[in-house]
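As C-alpha cells, the structure follows; a few thoughts come after it.
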Amino acid sequence: LTVDEESLEIWPGQMTSVLAINGSVPGPTIRMRPGEVFNAEVRNQLNTENVVLHWHGLLSPAEFDGHPAQAVAPGAAYTVSIPIVQQPSMCWYHSHTHHATGSQVYRGLAGLFFIEDPEGDAALGLPTGPRDVHLAIRDWISNGSYQLTYAPSMFQNMWGYLGDTALVNGTPDAWLSVDQGLWRFRVLNACNARVLRLAFSDGRSMRVVGSDGGLTGSQDLVNQLDLGPGQRVEILVSFADLAVGSSSVLRSLEFPRTPPMGHSGPRQGDPLDLMTFHVDSAGGPIGLPGSLPQPDFPDPSEAVHTRTFALGRFMGNHTINGLT
C-alpha cells in the first residue's frame, strides 16, 4: 500500500491534488475471510508528512494497529500482519498520523476493508455480488478550484470540519442504476465530523441488518437512521414500488443543532443530498432473508473489572476522565 501525492480527475475536466493509496481515492478495497492473515507493506512516498494507517474495526495486535507513535517518515515503510479472528463485517482503514489525521483523511487517505463470507451470506438469503454495494460517504467544502483544501478555522477546530457537498466512493453527484428488487447497501460515514441522518427522499423504509461488528441478528425497519463519523451500517432496500424510470435520492436530513456563535459556512445538521438511485429495469429478486445469526456477545456477569470513562470537552479539547 503506497501512500503518495497524486493529481486525479475527481470532477470532470478538473485535476485535484489528493493523498492516494496505490494511485486511487479512496484507496483499494481490501477483502479478507475469517481465518486468513492480512499481510501488507505500507510505504510512505509523501514529500514532507509522516504516515501511519489504522485498521478501523479490525481486532488487530497492538503493534500493527496504527498508533500515532508508529508513524513513519517520508521514504520509509513498515509491515503489518493481522490475523482475521472476527466475524464478517465492514471495516475501513485510514490515516492515524498525530496532528494530521483530519487533514490526511480529508485529502483522501482512507479505504474500505471487508471481512466477508459470500457463501454464508448467500445461504442466509442476503443480496450478494452486484446487489451488495458499498457506499463510502464523505463531505467536501466546495470551491472553485476543486481542491480538497483542509484549512480549519478556530470554530471548525472545535466544532468540526464540515462540507456542503457529498462524495460517494470518491465520486461527486453519485448515482446507481438499480432494478426493482432487493439491494444490500453497506454504508460508511467517512466524513471528518458530519453526522449523517440517512433517509430516502420518498420516505422508503430500510431494514438494518448490520452495524460496525457485522450482522446484528435482526432486521429493524426504519425510515431514517443516524450515522456518526467512522460508523458503518448495513441496510436492505427494495425498490419494488417504484416504476421503471423513477428515482429515489439518499439524503442526510436536516436536524436541530446549536451552532457556535459567529460561525459561518456548513453546519452540523444541514441537509445534504448524497446519491441518486435510478430504477432502470423491472423485476429483480425480492425475497427477504430469514432469521439472521445473533452476535456472540460476552456475558456481562463474567466481567472482573468495572471502569468508568467520562467523555467531556474543555477549552476546545476532548477529554476522557478530565484528561486530553
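By convention in this document, the chains of the C-alpha cells carry letters A, B, ... by their order, each chain's residues are numbered from 1, and ligands are numbered from 1 in the order they are shown.
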
Could you pull the residues within 10 Å of range 157-166 of chain A, counting only C-alpha atoms, minus those fewer than 4 positions along the same chain, as a PyMOL selection string?
-> chain A and resi 102-103+106+137-142+150-153+170-174+191-195+251-252+259-260+263+265-275+313+315-318

Residues near Asp280 in chain A, cut-off 12 Å, only C-alpha atoms, skip fewer than 3 positions along chain, as a ChimeraX atom specification = /A:175-181,239-240,242-248,277,283-284

Those residues you just picked out, can you put them in a file as a CSV table (one decimal), in the first residue's frame with C-alpha atoms?
chain,number,residue,atom,x,y,z
A,175,TRP,CA,-25.8,7.7,-8.9
A,176,LEU,CA,-26.5,4.0,-9.3
A,177,SER,CA,-28.7,2.2,-11.8
A,178,VAL,CA,-30.9,-0.4,-10.0
A,179,ASP,CA,-33.8,-2.7,-10.7
A,180,GLN,CA,-36.9,-3.0,-8.6
A,181,GLY,CA,-35.5,-5.8,-6.4
A,239,PHE,CA,-37.4,-0.5,-5.0
A,240,ALA,CA,-40.3,-2.8,-5.9
A,242,LEU,CA,-41.0,2.4,-7.9
A,243,ALA,CA,-41.9,2.4,-11.6
A,244,VAL,CA,-39.2,2.0,-14.1
A,245,GLY,CA,-37.9,5.4,-15.0
A,246,SER,CA,-38.4,6.7,-11.4
A,247,SER,CA,-35.6,7.5,-8.9
A,248,SER,CA,-35.1,8.0,-5.2
A,277,PHE,CA,-30.8,5.6,-7.4
A,283,GLY,CA,-38.1,-7.2,-11.6
A,284,GLY,CA,-35.2,-8.5,-9.5

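Among the candidate residues A:Ala190, A:Leu148, A:Leu288, A:Val80, the one lying nearest to Leu112 in chain A is A:Ala190, with distances computed using only C-alpha atoms.
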
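CA of Leu250 in chain A sits 18.3 Å away from CA of Gly210 in chain A.
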
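The set of residues in range 130-301 of chain A assigned to helix (DSSP H, G or I) by DSSP, using only backbone atoms of this structure, is Pro130, Arg131, Met154, Phe155, Gln156, Asn157, Met158, Trp159, Pro300 and Ser301 of chain A.
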
Could you pull the residues within 7 Å of Val72 in chain A, counting only C-alpha atoms, minus those fewer than 5 positions along the same chain, as a PyMOL selection string?
-> chain A and resi 50-52+77

N, CA, C and O atoms of the current selection, written as a tab-separated table (two decimals), in the first residue's frame:
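Here's the written file selection39.tsv:
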chain	number	residue	atom	x	y	z
A	50	ASN	N	4.63	12.59	7.75
A	50	ASN	CA	4.66	11.23	8.28
A	50	ASN	C	3.33	10.54	8.01
A	50	ASN	O	2.30	11.20	7.78
A	51	VAL	N	3.33	9.21	8.07
A	51	VAL	CA	2.11	8.45	7.78
A	51	VAL	C	2.07	7.18	8.63
A	51	VAL	O	3.10	6.51	8.81
A	52	VAL	N	0.88	6.87	9.14
A	52	VAL	CA	0.59	5.54	9.67
A	52	VAL	C	-0.88	5.26	9.39
A	52	VAL	O	-1.70	6.19	9.42
A	77	ALA	N	9.04	2.74	5.20
A	77	ALA	CA	7.95	1.78	5.07
A	77	ALA	C	7.90	0.92	6.32
A	77	ALA	O	8.85	0.86	7.11

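Proximity ranking of A:Val209, A:Leu323, A:Ala20, A:Val37 relative to Asp121 in chain A places A:Val209 first, based on only C-alpha atoms.
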
Test item: residues at most 6 Å from Leu182 in chain A, only C-alpha atoms, excluding those fewer than 2 positions along its chain, as a PyMOL selection string = chain A and resi 237-238+286

Output file for the residues above (C-alpha atoms, as a PDB file, in the first residue's frame):
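That gives us part_36.pdb:
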ATOM      1  CA  VAL A 237     -33.622  -1.599   0.462  1.00  0.00           C
ATOM      2  CA  SER A 238     -36.319  -2.636  -2.015  1.00  0.00           C
ATOM      3  CA  ILE A 286     -37.448  -9.514  -3.736  1.00  0.00           C
TER       4      ILE A 286
END

Got a sec: who's within 10 Å of Phe314 in chain A, counting only C-alpha atoms, leaving out chain neighbours fewer than 5 positions off, as a list in words?
-> Thr319, Gly322, Leu323 and Thr324 of chain A

May I have the residues from that selection written out with all heavy atoms, as an mmCIF file, in the first residue's frame?
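Below is the file that was written, out.cif:
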data_model
loop_
_atom_site.group_PDB
_atom_site.id
_atom_site.type_symbol
_atom_site.label_atom_id
_atom_site.label_comp_id
_atom_site.auth_asym_id
_atom_site.auth_seq_id
_atom_site.Cartn_x
_atom_site.Cartn_y
_atom_site.Cartn_z
ATOM 1 N N THR A 319 -11.920 15.320 26.203
ATOM 2 C CA THR A 319 -11.268 14.738 27.368
ATOM 3 C C THR A 319 -11.891 13.390 27.714
ATOM 4 O O THR A 319 -13.062 13.121 27.403
ATOM 5 C CB THR A 319 -11.391 15.652 28.599
ATOM 6 O OG1 THR A 319 -12.791 15.818 28.921
ATOM 7 C CG2 THR A 319 -10.758 17.008 28.348
ATOM 8 N N GLY A 322 -11.385 13.732 32.337
ATOM 9 C CA GLY A 322 -10.756 15.009 32.592
ATOM 10 C C GLY A 322 -9.399 15.224 31.930
ATOM 11 O O GLY A 322 -8.808 16.288 32.082
ATOM 12 N N LEU A 323 -8.912 14.210 31.231
ATOM 13 C CA LEU A 323 -7.595 14.307 30.612
ATOM 14 C C LEU A 323 -7.727 14.374 29.091
ATOM 15 O O LEU A 323 -8.581 13.730 28.505
ATOM 16 C CB LEU A 323 -6.726 13.087 30.968
ATOM 17 C CG LEU A 323 -6.480 12.859 32.457
ATOM 18 C CD1 LEU A 323 -5.699 11.580 32.672
ATOM 19 C CD2 LEU A 323 -5.705 14.034 33.059
ATOM 20 N N THR A 324 -6.861 15.191 28.455
ATOM 21 C CA THR A 324 -6.877 15.265 26.987
ATOM 22 C C THR A 324 -6.161 14.047 26.419
ATOM 23 O O THR A 324 -5.304 13.446 27.077
ATOM 24 C CB THR A 324 -6.178 16.538 26.502
ATOM 25 O OG1 THR A 324 -4.844 16.569 27.039
ATOM 26 C CG2 THR A 324 -6.921 17.776 26.938
#

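Pairwise distance (CA of Arg232 in chain A, CA of Gln86 in chain A) equals 16.1 Å.
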
Would you kindly return, as a PyMOL selection string, each protein, DNA or RNA residue with an atom no farther than 8 Å from any atom of range 12-18 of chain A, considering only C-alpha atoms and excluding same-chain residues fewer than 3 positions away?
-> chain A and resi 5-9+25+107-108+146-148

Okay, now the selection with N, CA and C atoms, as a CSV table (one decimal), in the first residue's frame?
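Writing done, so here's part_4.csv:
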chain,number,residue,atom,x,y,z
A,5,GLU,N,1.3,11.5,-3.1
A,5,GLU,CA,0.6,12.7,-3.6
A,5,GLU,C,0.3,12.5,-5.1
A,6,GLU,N,-1.0,12.6,-5.5
A,6,GLU,CA,-1.4,12.4,-6.9
A,6,GLU,C,-2.3,13.6,-7.3
A,7,SER,N,-2.4,13.7,-8.6
A,7,SER,CA,-3.4,14.6,-9.2
A,7,SER,C,-4.4,13.8,-10.0
A,8,LEU,N,-5.7,13.7,-9.5
A,8,LEU,CA,-6.7,12.9,-10.1
A,8,LEU,C,-7.9,13.7,-10.6
A,9,GLU,N,-8.6,13.1,-11.6
A,9,GLU,CA,-9.7,13.8,-12.1
A,9,GLU,C,-11.0,13.3,-11.4
A,25,VAL,N,-8.3,7.1,-4.9
A,25,VAL,CA,-9.0,7.7,-3.8
A,25,VAL,C,-10.5,7.4,-3.9
A,107,ARG,N,-8.1,14.7,2.7
A,107,ARG,CA,-7.4,14.7,1.3
A,107,ARG,C,-7.4,13.3,0.7
A,108,GLY,N,-8.0,12.3,1.3
A,108,GLY,CA,-8.2,11.0,0.6
A,108,GLY,C,-7.6,9.8,1.2
A,146,TYR,N,-11.7,23.2,-7.1
A,146,TYR,CA,-12.0,21.8,-7.0
A,146,TYR,C,-10.8,21.1,-6.3
A,147,GLN,N,-10.4,21.7,-5.2
A,147,GLN,CA,-9.3,21.1,-4.4
A,147,GLN,C,-9.9,20.6,-3.0
A,148,LEU,N,-9.3,19.6,-2.5
A,148,LEU,CA,-9.6,19.1,-1.1
A,148,LEU,C,-8.8,19.9,-0.1

What's the 12 Å shell around range 82-84 of chain A, counting only C-alpha atoms, without same-chain residues fewer than 6 positions away, as JSON, numbers by chain?
-> {"A": [31, 32, 33, 34, 35, 36, 37, 38, 39, 40, 41, 54, 55, 57, 58, 59, 60, 61, 62, 63, 64, 65, 66, 91, 113, 114, 115, 116]}

Okay, now the selection with C-alpha atoms, as a PDB file, in the first residue's frame?
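Written out: part_8.pdb:
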ATOM      1  CA  ARG A  31     -11.286  -8.228   1.133  1.00  0.00           C
ATOM      2  CA  MET A  32     -10.329 -10.960   3.594  1.00  0.00           C
ATOM      3  CA  ARG A  33     -12.023 -14.009   5.131  1.00  0.00           C
ATOM      4  CA  PRO A  34     -12.083 -15.218   8.733  1.00  0.00           C
ATOM      5  CA  GLY A  35      -9.066 -17.406   9.419  1.00  0.00           C
ATOM      6  CA  GLU A  36      -6.814 -15.684   6.888  1.00  0.00           C
ATOM      7  CA  VAL A  37      -3.876 -13.405   7.725  1.00  0.00           C
ATOM      8  CA  PHE A  38      -3.686  -9.890   6.302  1.00  0.00           C
ATOM      9  CA  ASN A  39      -0.086  -9.019   5.396  1.00  0.00           C
ATOM     10  CA  ALA A  40       0.852  -5.671   3.906  1.00  0.00           C
ATOM     11  CA  GLU A  41       3.718  -3.249   3.492  1.00  0.00           C
ATOM     12  CA  HIS A  54      -5.156   2.467  11.346  1.00  0.00           C
ATOM     13  CA  TRP A  55      -7.271  -0.641  10.630  1.00  0.00           C
ATOM     14  CA  GLY A  57     -12.786  -2.210  13.175  1.00  0.00           C
ATOM     15  CA  LEU A  58     -10.181  -4.951  12.953  1.00  0.00           C
ATOM     16  CA  LEU A  59      -9.164  -6.857  16.076  1.00  0.00           C
ATOM     17  CA  SER A  60      -5.510  -6.250  15.332  1.00  0.00           C
ATOM     18  CA  PRO A  61      -2.425  -6.797  17.508  1.00  0.00           C
ATOM     19  CA  ALA A  62      -1.335  -3.551  19.168  1.00  0.00           C
ATOM     20  CA  GLU A  63       1.963  -3.433  17.289  1.00  0.00           C
ATOM     21  CA  PHE A  64       0.101  -3.327  13.946  1.00  0.00           C
ATOM     22  CA  ASP A  65      -2.969  -1.286  14.895  1.00  0.00           C
ATOM     23  CA  GLY A  66      -1.689   2.070  13.630  1.00  0.00           C
ATOM     24  CA  CYS A  91     -14.318  -2.174   8.396  1.00  0.00           C
ATOM     25  CA  PHE A 113     -11.693  -3.278   4.407  1.00  0.00           C
ATOM     26  CA  PHE A 114     -14.190  -6.142   4.271  1.00  0.00           C
ATOM     27  CA  ILE A 115     -14.119  -9.329   6.278  1.00  0.00           C
ATOM     28  CA  GLU A 116     -16.508 -11.418   4.244  1.00  0.00           C
TER      29      GLU A 116
END

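With only C-alpha atoms as the basis for measurement, A:Val3 is the residue among A:Leu196, A:Val3, A:Ala69, A:Leu221 that approaches Leu19 in chain A most closely.
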
Filtered DSSP result for range 3-207 of chain A, state strand (DSSP E or B), as a PyMOL selection string | chain A and resi 3-8+16-21+24+30-32+37-44+51+53-56+72+77-83+89-95+110-115+132-140+165-168+171-172+175-179+182-189+196-200+206-207
